[in-house]
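**Student:** Pasting a structure below so you can have a look.
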Amino acid sequence: MSARLPSWAWVTGLTAGAVAVVAVLAVRADQGPHPEPTAARPSVSAPVSAEPKPKVTETAPPAVPKGSGTGRRIVYSLGEQRVWLVDASDATRRSFTVWPGTVAPDPGTYRIGTRTETTTGSDGVPIEHVVFFANKDGIDIAFSNALDGSSPPPAQGRRTGGIRTGKDAGDALWAFATTGTTVRVVS
């Protein structure tokens, strides 16, 4: 009677053989020619223009307004409806446009006081990353963004102090605007 090999022995033998074949093929492929990439040639039907096409470049945000202070701060321009996040070396880390509420803070220097992660704005919109820094005529003024990332609808006669940002800007502002951070409001 002949002895039968167990199935695990067959599987092991076939696997070892396959690994050996792959190794031999890999060595042979490595010793073969290696083509160099070539630049694409223009097609015969491609139009040729004597004028170069302008490069699409991303425009840099406007410079931080003069007279907005120095050091780490948030600068809010009422006229430009724009915010700059400025680090301790006076470099702009981020800048973005905002949608102001109907009650604007007076130009001056403020500090971040209270922060609220999520709530409902005075206009009834669910908001997040609420960063309070001023109060005018009994209206709290704060940066925030709508939870769904939308821009605010018109206030329709309501007095609101919310300065809304987009979702990504709201995330950046929340991370930057710790309690005590300076907010410089300029005209």
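Naming works like this for the structure tokens: A, B, ... for the chains as they're shown, residue 1 at the start of each chain, ligands 1 onward in shown order.
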Taking 3 positions as the minimum chain separation for residues in the same chain, which residues sit within 10 Å of Lys136 (chain A) when counting only C-alpha atoms? Answer as number ranges by chain.

**Tutor:** A: 103-106, 139-141, 161

**Student:** Could you name the residues that touch region 92-99 of chain A at 10 Å or less, counting only C-alpha atoms, but leaving out those on the same chain fewer than 4 positions away, as number ranges by chain?

**Tutor:** A: 60-64, 72-78, 80-88, 143-145, 151-153, 162-166, 168-170, 172-173, 176

**Student:** Compare A:Ser89, A:Ser7, A:Ser150, A:Thr109 by their minimum atom-to-atom distance to Thr181 (chain A), counting only C-alpha atoms, and give me the closest one.

**Tutor:** A:Thr109

**Student:** Nearest residue to Asp123 (chain A) out of A:Gly101, A:Pro107, A:Gly67, A:Gly138, using only C-alpha atoms?

**Tutor:**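 Ranking A:Gly101, A:Pro107, A:Gly67, A:Gly138 by distance to Asp123 (chain A), first place goes to A:Gly101.
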